[in-house]
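Shown next: target10.cif, containing mmCIF, C-alpha atoms and all ligand atoms.
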```cif
data_model
loop_
_atom_site.label_atom_id
_atom_site.label_comp_id
_atom_site.auth_asym_id
_atom_site.auth_seq_id
_atom_site.Cartn_x
_atom_site.Cartn_y
_atom_site.Cartn_z
CA LEU A 1 0.00 0.00 0.00
CA THR A 2 1.40 3.42 -0.91
CA LEU A 3 1.46 6.23 1.62
CA LYS A 4 -1.15 8.04 -0.43
CA ASN A 5 -3.58 5.10 -0.29
CA ASN A 6 -2.85 4.68 3.36
CA LEU A 7 -3.73 8.31 4.06
CA HIS A 8 -6.97 8.12 2.06
CA ARG A 9 -7.91 5.08 4.11
CA ALA A 10 -6.95 6.87 7.32
CA VAL A 11 -9.15 9.85 6.49
CA ASP A 12 -12.10 7.58 5.73
CA ALA A 13 -11.52 5.53 8.88
CA ASN A 14 -10.93 8.60 11.08
CA ALA A 15 -7.57 7.06 12.00
CA PHE A 16 -5.93 10.36 12.94
CA ASP A 17 -5.43 10.95 16.60
CA ALA A 18 -4.59 14.14 18.45
CA TRP A 19 -1.73 13.80 20.93
CA TYR A 20 -0.85 16.59 23.28
CA GLN A 21 2.28 18.23 24.67
CA PRO A 22 2.13 20.71 27.58
CA ILE A 23 3.37 24.31 27.28
CA ILE A 24 4.52 25.60 30.66
CA ASP A 25 4.55 29.10 32.15
CA ILE A 26 8.22 29.24 33.15
CA ARG A 27 7.60 31.63 36.07
CA THR A 28 4.87 29.55 37.73
CA GLY A 29 5.64 26.07 36.38
CA LYS A 30 1.96 25.65 35.48
CA VAL A 31 0.60 24.14 32.26
CA VAL A 32 -1.09 26.97 30.35
CA TYR A 33 -1.51 25.44 26.89
CA VAL A 34 -1.43 22.00 25.37
CA GLU A 35 -0.28 21.72 21.76
CA ALA A 36 -2.27 19.24 19.69
CA LEU A 37 -0.01 17.10 17.50
CA MET A 38 -1.37 14.88 14.77
CA ARG A 39 -0.69 11.16 14.92
CA LEU A 40 -1.56 8.46 12.39
CA ILE A 41 -2.76 5.23 13.99
CA HIS A 42 -2.18 2.14 11.84
CA PRO A 43 -4.49 -0.89 11.88
CA ASP A 44 -1.82 -2.81 13.86
CA GLY A 45 -1.81 -0.09 16.52
CA THR A 46 1.54 1.47 15.63
CA VAL A 47 1.75 5.27 15.65
CA THR A 48 3.37 7.54 13.04
CA THR A 49 4.40 11.21 13.48
CA PRO A 50 3.71 14.01 10.95
CA GLY A 51 7.27 14.03 9.60
CA HIS A 52 6.30 10.88 7.70
CA PHE A 53 3.01 12.04 6.19
CA LEU A 54 2.32 15.78 6.53
CA GLN A 55 3.79 16.67 3.15
CA THR A 56 1.70 13.97 1.45
CA LEU A 57 -1.44 15.21 3.25
CA GLU A 58 -0.69 18.64 1.79
CA GLU A 59 0.03 17.36 -1.73
CA THR A 60 -3.14 15.28 -1.87
CA GLY A 61 -5.38 17.95 -0.34
CA LEU A 62 -6.25 15.51 2.46
CA ILE A 63 -4.94 18.06 4.97
CA SER A 64 -8.31 19.79 4.85
CA ARG A 65 -10.32 16.77 6.12
CA SER A 66 -7.63 15.51 8.49
CA GLY A 67 -7.22 19.04 9.85
CA GLN A 68 -10.96 19.26 10.47
CA MET A 69 -10.77 15.95 12.36
CA MET A 70 -7.95 17.30 14.53
CA LEU A 71 -9.94 20.45 15.24
CA GLU A 72 -13.04 18.50 16.29
CA GLN A 73 -11.15 16.01 18.42
CA ALA A 74 -8.97 18.60 20.13
CA CYS A 75 -11.84 21.01 20.90
CA SER A 76 -14.00 18.26 22.33
CA THR A 77 -11.12 17.00 24.47
CA LEU A 78 -10.22 20.53 25.61
CA ALA A 79 -13.83 21.16 26.66
CA SER A 80 -13.80 18.04 28.83
CA TRP A 81 -10.45 18.97 30.42
CA ARG A 82 -11.70 22.49 31.15
CA THR A 83 -14.37 21.13 33.48
CA LEU A 84 -11.39 20.28 35.75
CA PHE A 85 -8.87 22.90 34.53
CA PRO A 86 -10.97 25.89 33.42
CA GLU A 87 -8.04 28.05 32.33
CA LEU A 88 -6.38 25.45 30.08
CA ARG A 89 -5.92 26.49 26.44
CA LEU A 90 -5.29 24.61 23.22
CA SER A 91 -2.63 25.31 20.63
CA LEU A 92 -3.42 24.00 17.17
CA ASN A 93 -1.11 23.74 14.14
CA LEU A 94 -2.42 25.04 10.84
CA SER A 95 -0.77 24.71 7.46
CA VAL A 96 -1.20 27.66 5.09
CA ASN A 97 -3.59 25.59 3.01
CA GLN A 98 -5.85 25.42 6.06
CA LEU A 99 -5.26 29.06 6.92
CA TRP A 100 -6.34 30.10 3.43
CA GLN A 101 -9.54 28.02 3.48
CA ALA A 102 -12.46 30.39 3.08
CA ASP A 103 -14.54 28.44 5.62
CA LEU A 104 -11.85 28.09 8.32
CA ILE A 105 -13.34 30.78 10.57
CA ASP A 106 -16.80 29.20 10.29
CA GLN A 107 -15.36 25.78 11.17
CA LEU A 108 -13.54 27.22 14.17
CA GLU A 109 -16.53 29.16 15.42
CA GLN A 110 -18.82 26.18 15.01
CA MET A 111 -16.46 24.14 17.20
CA LEU A 112 -16.33 26.89 19.83
CA ALA A 113 -20.11 27.14 19.92
CA GLN A 114 -20.60 23.37 20.08
CA HIS A 115 -18.22 23.03 23.02
CA HIS A 116 -18.95 26.36 24.74
CA LEU A 117 -15.36 27.53 24.37
CA PRO A 118 -14.23 31.16 24.07
CA ALA A 119 -11.99 32.04 21.10
CA SER A 120 -9.28 32.93 23.61
CA ALA A 121 -9.04 29.22 24.50
CA LEU A 122 -7.51 28.58 21.10
CA MET A 123 -4.04 29.50 19.84
CA LEU A 124 -3.30 28.92 16.15
CA GLU A 125 0.27 28.08 15.13
CA VAL A 126 1.48 28.80 11.63
CA THR A 127 5.13 28.21 10.72
CA GLU A 128 7.26 31.21 9.91
CA GLY A 129 8.39 29.62 6.64
CA SER A 130 4.88 28.91 5.37
CA MET A 131 3.64 32.40 6.30
CA MET A 132 6.04 33.85 3.78
CA THR A 133 4.52 31.86 0.89
CA ASP A 134 2.20 34.80 0.30
CA ILE A 135 2.65 37.33 3.06
CA VAL A 136 -0.18 39.63 1.92
CA LYS A 137 -2.71 36.81 1.81
CA THR A 138 -1.46 35.37 5.09
CA GLU A 139 -1.80 38.76 6.76
CA GLN A 140 -5.45 39.09 5.66
CA PHE A 141 -6.42 35.69 7.06
CA LEU A 142 -4.50 36.24 10.28
CA GLU A 143 -6.15 39.65 10.74
CA ALA A 144 -9.58 38.04 10.47
CA LEU A 145 -8.72 35.31 12.99
CA HIS A 146 -7.03 37.71 15.38
CA GLY A 147 -10.05 40.00 15.11
CA ARG A 148 -12.29 37.16 16.25
CA GLY A 149 -10.19 36.69 19.37
CA PHE A 150 -7.99 33.72 18.45
CA GLU A 151 -4.38 33.90 19.59
CA ILE A 152 -1.79 33.62 16.81
CA ALA A 153 1.67 32.08 17.19
CA ILE A 154 4.53 31.97 14.71
CA ASP A 155 5.87 28.41 14.84
CA ASP A 156 9.49 27.41 14.20
CA PHE A 157 10.49 31.05 14.59
CA GLY A 158 14.03 31.83 13.49
CA THR A 159 14.08 29.34 10.62
CA GLY A 160 11.93 31.18 8.06
CA TYR A 161 13.88 34.28 7.06
CA SER A 162 11.15 36.78 7.94
CA SER A 163 12.27 40.36 8.32
CA LEU A 164 11.45 42.38 11.39
CA SER A 165 9.38 44.85 9.40
CA ARG A 166 7.20 42.07 8.02
CA LEU A 167 6.81 40.61 11.44
CA ARG A 168 5.75 43.95 12.86
CA SER A 169 2.83 44.16 10.42
CA LEU A 170 1.43 40.74 11.33
CA PRO A 171 -1.23 40.34 14.05
CA VAL A 172 0.75 37.90 16.16
CA ASN A 173 0.74 37.17 19.92
CA LYS A 174 3.51 34.65 20.36
CA LEU A 175 6.80 33.54 18.86
CA LYS A 176 7.68 29.88 19.23
CA VAL A 177 11.46 29.85 19.04
CA ASP A 178 12.59 26.85 17.04
CA LYS A 179 14.22 24.04 18.98
CA SER A 180 17.39 24.30 16.87
CA PHE A 181 18.27 27.33 19.02
CA MET A 182 18.01 25.25 22.20
CA ASP A 183 20.62 22.77 21.02
CA GLY A 184 23.45 25.30 21.53
CA ILE A 185 22.34 26.32 25.03
CA PRO A 186 24.23 26.81 27.30
CA ARG A 187 27.54 25.92 25.61
CA ASP A 188 27.43 27.90 22.34
CA ARG A 189 27.79 31.66 22.85
CA LYS A 190 26.11 32.53 19.53
CA SER A 191 22.99 30.48 20.29
CA MET A 192 22.81 32.12 23.71
CA GLU A 193 23.02 35.59 22.19
CA MET A 194 20.44 34.74 19.50
CA VAL A 195 17.90 33.60 22.04
CA ARG A 196 18.50 36.66 24.22
CA ALA A 197 18.16 38.93 21.17
CA ILE A 198 14.88 37.25 20.14
CA LEU A 199 13.54 37.72 23.68
CA GLN A 200 14.50 41.41 23.70
CA MET A 201 12.96 41.98 20.29
CA ALA A 202 9.79 40.13 21.28
CA THR A 203 9.43 42.19 24.43
CA SER A 204 9.80 45.44 22.53
CA LEU A 205 7.10 44.28 20.07
CA ASP A 206 4.77 43.14 22.92
CA LEU A 207 5.07 39.51 21.89
CA GLU A 208 5.43 36.57 24.25
CA VAL A 209 7.97 33.84 23.58
CA VAL A 210 7.57 30.07 23.78
CA ALA A 211 10.91 28.23 23.79
CA GLU A 212 10.53 24.86 22.06
CA GLY A 213 12.66 21.79 22.58
CA ILE A 214 13.78 22.35 26.19
CA GLU A 215 15.47 19.12 27.24
CA THR A 216 17.74 20.06 30.15
CA GLU A 217 17.61 21.96 33.45
CA ASP A 218 20.55 24.08 32.21
CA GLN A 219 18.52 25.26 29.23
CA LEU A 220 15.53 26.02 31.43
CA GLN A 221 17.69 28.06 33.79
CA VAL A 222 19.12 30.17 30.95
CA LEU A 223 15.62 30.85 29.64
CA ALA A 224 14.24 31.68 33.08
CA GLU A 225 17.09 34.15 33.66
CA ALA A 226 16.34 35.76 30.29
CA ASP A 227 12.64 36.13 31.32
CA CYS A 228 11.33 33.76 28.67
CA HIS A 229 7.59 33.40 29.22
CA PHE A 230 6.76 29.85 28.15
CA GLY A 231 8.59 26.59 27.60
CA GLN A 232 7.86 23.29 25.90
CA GLY A 233 10.00 20.20 25.61
CA PHE A 234 10.93 16.73 26.78
CA LEU A 235 12.21 18.17 30.10
CA PHE A 236 8.56 18.81 31.01
CA ALA A 237 6.79 16.15 28.99
CA ARG A 238 6.72 14.39 25.64
CA PRO A 239 3.66 14.46 23.38
CA MET A 240 1.13 11.96 24.78
CA SER A 241 -2.36 10.60 24.34
CA SER A 242 -5.32 12.49 25.81
CA GLU A 243 -5.65 9.88 28.59
CA ASP A 244 -1.99 10.27 29.57
CA LEU A 245 -2.22 14.04 29.41
CA LEU A 246 -5.13 14.04 31.86
CA THR A 247 -3.04 11.94 34.25
CA TYR A 248 -0.14 14.36 33.80
CA LEU A 249 -2.35 17.38 34.54
CA SER A 250 -3.73 15.68 37.64
CA LEU A 251 -0.29 15.06 39.19
CA PRO A 252 0.39 17.20 42.25
CA GLY A 253 2.77 20.20 41.76
O1 LIG B 1 4.31 15.50 16.28
P1 LIG B 1 5.64 16.03 15.94
O2 LIG B 1 6.15 16.52 17.19
O3 LIG B 1 6.49 15.08 15.18
O4 LIG B 1 5.25 17.23 14.94
C1 LIG B 1 6.04 17.60 13.87
C2 LIG B 1 5.44 18.80 13.18
O5 LIG B 1 4.23 18.49 12.52
C3 LIG B 1 5.07 19.91 14.15
O6 LIG B 1 6.12 20.79 14.28
C4 LIG B 1 3.89 20.60 13.53
O7 LIG B 1 4.31 21.78 12.88
C5 LIG B 1 3.36 19.59 12.52
N1 LIG B 1 2.02 19.18 12.94
C6 LIG B 1 1.68 18.41 13.98
N2 LIG B 1 0.34 18.27 14.07
C7 LIG B 1 -0.17 19.01 13.07
C8 LIG B 1 -1.52 19.28 12.64
O8 LIG B 1 -2.51 18.86 13.21
N3 LIG B 1 -1.66 20.07 11.53
C9 LIG B 1 -0.60 20.60 10.87
N4 LIG B 1 -0.84 21.34 9.80
N5 LIG B 1 0.67 20.37 11.26
C10 LIG B 1 0.89 19.59 12.34
O1 LIG B 2 7.27 23.13 16.21
P1 LIG B 2 6.57 21.82 16.09
O2 LIG B 2 5.12 22.02 16.15
O3 LIG B 2 7.14 21.05 14.99
O4 LIG B 2 7.00 21.10 17.43
C1 LIG B 2 6.54 19.89 17.80
C2 LIG B 2 7.56 18.80 17.50
O5 LIG B 2 8.73 18.90 18.30
C3 LIG B 2 6.98 17.47 17.77
O6 LIG B 2 7.42 16.61 16.79
C4 LIG B 2 7.59 17.08 19.11
O7 LIG B 2 7.66 15.67 19.25
C5 LIG B 2 8.95 17.70 19.01
N1 LIG B 2 9.49 18.04 20.31
C6 LIG B 2 8.85 18.64 21.32
N2 LIG B 2 9.68 18.83 22.38
C7 LIG B 2 10.87 18.32 22.02
C8 LIG B 2 12.13 18.21 22.69
O8 LIG B 2 12.33 18.62 23.83
N3 LIG B 2 13.13 17.62 21.98
C9 LIG B 2 12.97 17.16 20.72
N4 LIG B 2 14.02 16.58 20.13
N5 LIG B 2 11.80 17.24 20.06
C10 LIG B 2 10.75 17.82 20.70
NA NA B 3 3.76 23.57 16.21
MN MN B 4 7.71 24.52 16.12
#
```
Take the structure from the file and write it as structure tokens.
Amino acid sequence: LTLKNNLHRAVDANAFDAWYQPIIDIRTGKVVYVEALMRLIHPDGTVTTPGHFLQTLEETGLISRSGQMMLEQACSTLASWRTLFPELRLSLNLSVNQLWQADLIDQLEQMLAQHHLPASALMLEVTEGSMMTDIVKTEQFLEALHGRGFEIAIDDFGTGYSSLSRLRSLPVNKLKVDKSFMDGIPRDRKSMEMVRAILQMATSLDLEVVAEGIETEDQLQVLAEADCHFGQGFLFARPMSSEDLLTYLSLPG
């Protein structure tokens, strides 16, 4: 079976699963967001990550239906978690093909209404690289979403060659600093300076920063000292199923 056939089957069988990874407020240590991450569940129970199939979902146009499935699953799960953790928010990845869908806002608002969620419970992540595909178009769609109260995050920030002036014109709330910057912390002086510079720039533009890919206590300490707002990475938790995430949230401390 080719990957393409496999993905068609998966869409028909609703075989996509949302896994979740916590995003932590570095000052308080509390989970503020969970990022939904798409997983493909095979008939034999094995699980595949998006690196293996996201590009094919895009090329086949299947990203639209699989994205809708992720949205439904993640909103329904978030609503159930919020009965116990009312402040918890969801961060959802969108490809530009989803962002540019004329009915995206309607889909999002229908989900909010169905699950009695405010728009502020949802953060939408779009990668820096994909935003630049058509910056004017991207800006229009982001303006509309931002105007409806959704938070906007630039994902994989620092890898997409966006200029500061372009960034300043976009309605964005958060920068997710790509995990490639974490790899050099604390040993590599250039990586350290880059992360500090991004934090300074973000602060002056009223943006909050999420540091991705935190794996060590040393990295966390550097980020805390630089007043980084949020952190995400294996040091806190790996992506996990909704059941495991509920257990994680329920742990004391
Ligand atoms: O799950 P993993 O940690 O391997 O994710 C790899 C990348 O796949 C993420 O950085 C994210 O950008 C992308 N991704 C994960 N889930 C989704 C999704 O539901 N929709 C889109 N468009 N991209 C996703
Ligand atoms: O930015 P993006 O949405 O691609 O980020 C999510 C991806 O990063 C997922 O594939 C997730 O498994 C991975 N990831 C999250 N935290 C860490 C980490 O601390 N180390 C590594 N190596 N990967 C991570
Ligand atoms: Na992401
Ligand atoms: Mn990222």
### Closest of A:Arg166, A:His8, A:His52, A:Lys174 to ligand MN 4 (chain B) - atom-to-atom distances counting only C-alpha atoms and all ligand atoms
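The answer is A:Lys174, which sits nearest to ligand MN 4 (chain B).
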### Message
Using only C-alpha atoms, which protein or nucleic acid residues come within 7 Å of A:Met131? Drop anything in the same chain fewer than 5 positions from it, and give the result as a ChimeraX atom specification.
### Response
/A:96,126,138
### Message
Using only C-alpha atoms and all ligand atoms, which residues have at least one atom no more than 8 Å from ligand MN 4 (chain B)? Output them as a list in words.
### Response
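After applying the 8 Å limit, what remains is Thr127, Asp155, Asp156, Phe157, Lys176, Val177, Asp178, Lys179 and Glu212 of chain A.
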Just want the residues within 10 Å of ligand LIG 1 (chain B), written as a PDB file with C-alpha atoms, in the coordinates of the input, counting only C-alpha atoms and all ligand atoms.
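Resulting contents of part_6.pdb:
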```pdb
ATOM      1  CA  PHE A  16      -5.930  10.360  12.940  1.00  0.00           C
ATOM      2  CA  ASP A  17      -5.430  10.950  16.600  1.00  0.00           C
ATOM      3  CA  ALA A  18      -4.590  14.140  18.450  1.00  0.00           C
ATOM      4  CA  TRP A  19      -1.730  13.800  20.930  1.00  0.00           C
ATOM      5  CA  TYR A  20      -0.850  16.590  23.280  1.00  0.00           C
ATOM      6  CA  GLN A  21       2.280  18.230  24.670  1.00  0.00           C
ATOM      7  CA  GLU A  35      -0.280  21.720  21.760  1.00  0.00           C
ATOM      8  CA  ALA A  36      -2.270  19.240  19.690  1.00  0.00           C
ATOM      9  CA  LEU A  37      -0.010  17.100  17.500  1.00  0.00           C
ATOM     10  CA  MET A  38      -1.370  14.880  14.770  1.00  0.00           C
ATOM     11  CA  ARG A  39      -0.690  11.160  14.920  1.00  0.00           C
ATOM     12  CA  LEU A  40      -1.560   8.460  12.390  1.00  0.00           C
ATOM     13  CA  THR A  48       3.370   7.540  13.040  1.00  0.00           C
ATOM     14  CA  THR A  49       4.400  11.210  13.480  1.00  0.00           C
ATOM     15  CA  PRO A  50       3.710  14.010  10.950  1.00  0.00           C
ATOM     16  CA  GLY A  51       7.270  14.030   9.600  1.00  0.00           C
ATOM     17  CA  HIS A  52       6.300  10.880   7.700  1.00  0.00           C
ATOM     18  CA  PHE A  53       3.010  12.040   6.190  1.00  0.00           C
ATOM     19  CA  LEU A  54       2.320  15.780   6.530  1.00  0.00           C
ATOM     20  CA  GLN A  55       3.790  16.670   3.150  1.00  0.00           C
ATOM     21  CA  LEU A  57      -1.440  15.210   3.250  1.00  0.00           C
ATOM     22  CA  GLU A  58      -0.690  18.640   1.790  1.00  0.00           C
ATOM     23  CA  ILE A  63      -4.940  18.060   4.970  1.00  0.00           C
ATOM     24  CA  SER A  64      -8.310  19.790   4.850  1.00  0.00           C
ATOM     25  CA  SER A  66      -7.630  15.510   8.490  1.00  0.00           C
ATOM     26  CA  GLY A  67      -7.220  19.040   9.850  1.00  0.00           C
ATOM     27  CA  GLN A  68     -10.960  19.260  10.470  1.00  0.00           C
ATOM     28  CA  MET A  69     -10.770  15.950  12.360  1.00  0.00           C
ATOM     29  CA  MET A  70      -7.950  17.300  14.530  1.00  0.00           C
ATOM     30  CA  LEU A  71      -9.940  20.450  15.240  1.00  0.00           C
ATOM     31  CA  ALA A  74      -8.970  18.600  20.130  1.00  0.00           C
ATOM     32  CA  SER A  91      -2.630  25.310  20.630  1.00  0.00           C
ATOM     33  CA  LEU A  92      -3.420  24.000  17.170  1.00  0.00           C
ATOM     34  CA  ASN A  93      -1.110  23.740  14.140  1.00  0.00           C
ATOM     35  CA  LEU A  94      -2.420  25.040  10.840  1.00  0.00           C
ATOM     36  CA  SER A  95      -0.770  24.710   7.460  1.00  0.00           C
ATOM     37  CA  VAL A  96      -1.200  27.660   5.090  1.00  0.00           C
ATOM     38  CA  ASN A  97      -3.590  25.590   3.010  1.00  0.00           C
ATOM     39  CA  GLN A  98      -5.850  25.420   6.060  1.00  0.00           C
ATOM     40  CA  LEU A  99      -5.260  29.060   6.920  1.00  0.00           C
ATOM     41  CA  GLU A 125       0.270  28.080  15.130  1.00  0.00           C
ATOM     42  CA  VAL A 126       1.480  28.800  11.630  1.00  0.00           C
ATOM     43  CA  THR A 127       5.130  28.210  10.720  1.00  0.00           C
ATOM     44  CA  ASP A 155       5.870  28.410  14.840  1.00  0.00           C
ATOM     45  CA  ASP A 156       9.490  27.410  14.200  1.00  0.00           C
ATOM     46  CA  ASP A 178      12.590  26.850  17.040  1.00  0.00           C
ATOM     47  CA  LYS A 179      14.220  24.040  18.980  1.00  0.00           C
ATOM     48  CA  GLU A 212      10.530  24.860  22.060  1.00  0.00           C
ATOM     49  CA  GLY A 213      12.660  21.790  22.580  1.00  0.00           C
ATOM     50  CA  GLY A 233      10.000  20.200  25.610  1.00  0.00           C
ATOM     51  CA  ARG A 238       6.720  14.390  25.640  1.00  0.00           C
ATOM     52  CA  PRO A 239       3.660  14.460  23.380  1.00  0.00           C
ATOM     53  CA  MET A 240       1.130  11.960  24.780  1.00  0.00           C
TER      54      MET A 240
END
```
### Query
With distances taken over only C-alpha atoms, which of A:Asp218, A:Asp134, A:Glu243, A:Asp25 is nearest to A:Trp81?
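Between A:Asp218, A:Asp134, A:Glu243, A:Asp25, the residue approaching A:Trp81 most closely is A:Glu243.
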### Task
Tell me which of A:Asp103, A:Glu109, A:Glu128, A:Asp44 sits closest to ligand NA 3 (chain B), counting all atoms listed in the file.
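Using all atoms listed in the file, the shortest distance to ligand NA 3 (chain B) belongs to A:Glu128.
Closest approach to A:Leu207 among A:Ala153, A:Leu220, A:Ile41, A:Ala119 is made by A:Ala153 (distances from only C-alpha atoms).
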### Query
Leaving out A:Ile214 and any residue of its chain fewer than 4 positions from it, which residues lie within 9 Å of it when counting all atoms listed in the file, given as a PyMOL selection string?
chain A and resi 179+182-183+219-220+231-236
Write a file of the just-selected residues containing C-alpha atoms, as a short mmCIF file (atom, residue, chain, number, x, y, z; two decimals), keeping the file's coordinate frame.
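Just written: part.cif:
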```cif
data_model
loop_
_atom_site.label_atom_id
_atom_site.label_comp_id
_atom_site.auth_asym_id
_atom_site.auth_seq_id
_atom_site.Cartn_x
_atom_site.Cartn_y
_atom_site.Cartn_z
CA LYS A 179 14.22 24.04 18.98
CA MET A 182 18.01 25.25 22.20
CA ASP A 183 20.62 22.77 21.02
CA GLN A 219 18.52 25.26 29.23
CA LEU A 220 15.53 26.02 31.43
CA GLY A 231 8.59 26.59 27.60
CA GLN A 232 7.86 23.29 25.90
CA GLY A 233 10.00 20.20 25.61
CA PHE A 234 10.93 16.73 26.78
CA LEU A 235 12.21 18.17 30.10
CA PHE A 236 8.56 18.81 31.01
#
```
#### Entry: Pick from A:Lys4, A:Pro118, A:Ile152, A:Ser242, whichever lies nearest to ligand NA 3 (chain B) using only C-alpha atoms and all ligand atoms
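Looking at the shortest contact to ligand NA 3 (chain B), the residue is A:Ile152.
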### Task
State, in Å with one decimal place, the distance from atom O8 of ligand LIG 2 (chain B) to atom CA of A:Val172.
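Atom-to-atom, atom O8 of ligand LIG 2 (chain B) to atom CA of A:Val172, that is 23.8 Å.
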### Task
With only C-alpha atoms counted, which protein, DNA or RNA residues have an atom no more than 12 Å from (1.9, 39.0, 5.2) in the file frame? Please answer as a list in words.
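Residues found, by chain and rising number: Val96, Glu128, Gly129, Ser130, Met131, Met132, Thr133, Asp134, Ile135, Val136, Lys137, Thr138, Glu139, Gln140, Phe141, Leu142, Glu143, Ser162, Ser163, Leu164, Ser165, Arg166, Leu167, Arg168, Ser169, Leu170, Pro171 and Val172 of chain A.
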### Task
Give me, please, the distance in Å between atom CA of A:His146 and atom CA of A:Leu124, quoted to one decimal.
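Computed distance, atom CA of A:His146 to atom CA of A:Leu124, equals 9.6 Å.
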### Task
Determine the nearest neighbour of ligand NA 3 (chain B) from the options A:Met123, A:His42, A:Gln73, A:Glu217, counting all atoms listed in the file.
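Of A:Met123, A:His42, A:Gln73, A:Glu217, the one nearest ligand NA 3 (chain B) is A:Met123, counting all atoms listed in the file.
For the pair atom CA of A:Pro186 and atom CA of A:Val222, the separation is 7.1 Å.
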#### Entry: Distance query A:Leu251 at most 12 Å, all atoms listed in the file, self and fewer than 6 positions along chain excluded, as a list in words
Lys30, Val31, Asp244 and Leu245 of chain A
### Task
Find the residues near A:Asp12: any atom within 12 Å, counting all atoms listed in the file, skip ones fewer than 5 places away on the same chain, and give them as a list in words.
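Using all atoms listed in the file, the neighbours found are Asn5, Asn6, Leu7, Leu62, Arg65, Ser66 and Met69 of chain A.
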Could I get stretch 102-137 of chain A from the block written as an mmCIF file, in the first residue's frame, with C-alpha atoms?
```
data_model
loop_
_atom_site.group_PDB
_atom_site.id
_atom_site.type_symbol
_atom_site.label_atom_id
_atom_site.label_comp_id
_atom_site.auth_asym_id
_atom_site.auth_seq_id
_atom_site.Cartn_x
_atom_site.Cartn_y
_atom_site.Cartn_z
ATOM 1 C CA ALA A 102 -12.465 30.390 3.080
ATOM 2 C CA ASP A 103 -14.544 28.443 5.623
ATOM 3 C CA LEU A 104 -11.853 28.091 8.316
ATOM 4 C CA ILE A 105 -13.342 30.778 10.571
ATOM 5 C CA ASP A 106 -16.795 29.204 10.285
ATOM 6 C CA GLN A 107 -15.364 25.784 11.173
ATOM 7 C CA LEU A 108 -13.544 27.225 14.173
ATOM 8 C CA GLU A 109 -16.528 29.163 15.421
ATOM 9 C CA GLN A 110 -18.823 26.184 15.008
ATOM 10 C CA MET A 111 -16.464 24.144 17.201
ATOM 11 C CA LEU A 112 -16.327 26.889 19.833
ATOM 12 C CA ALA A 113 -20.112 27.137 19.915
ATOM 13 C CA GLN A 114 -20.598 23.372 20.079
ATOM 14 C CA HIS A 115 -18.216 23.035 23.022
ATOM 15 C CA HIS A 116 -18.952 26.363 24.738
ATOM 16 C CA LEU A 117 -15.355 27.533 24.372
ATOM 17 C CA PRO A 118 -14.232 31.159 24.070
ATOM 18 C CA ALA A 119 -11.994 32.039 21.101
ATOM 19 C CA SER A 120 -9.280 32.933 23.610
ATOM 20 C CA ALA A 121 -9.038 29.218 24.502
ATOM 21 C CA LEU A 122 -7.508 28.581 21.095
ATOM 22 C CA MET A 123 -4.044 29.501 19.835
ATOM 23 C CA LEU A 124 -3.304 28.919 16.151
ATOM 24 C CA GLU A 125 0.267 28.076 15.132
ATOM 25 C CA VAL A 126 1.484 28.798 11.634
ATOM 26 C CA THR A 127 5.133 28.208 10.724
ATOM 27 C CA GLU A 128 7.262 31.206 9.907
ATOM 28 C CA GLY A 129 8.386 29.625 6.644
ATOM 29 C CA SER A 130 4.879 28.910 5.369
ATOM 30 C CA MET A 131 3.640 32.401 6.303
ATOM 31 C CA MET A 132 6.043 33.851 3.783
ATOM 32 C CA THR A 133 4.518 31.860 0.886
ATOM 33 C CA ASP A 134 2.199 34.801 0.303
ATOM 34 C CA ILE A 135 2.650 37.326 3.060
ATOM 35 C CA VAL A 136 -0.177 39.631 1.923
ATOM 36 C CA LYS A 137 -2.709 36.809 1.809
#
```
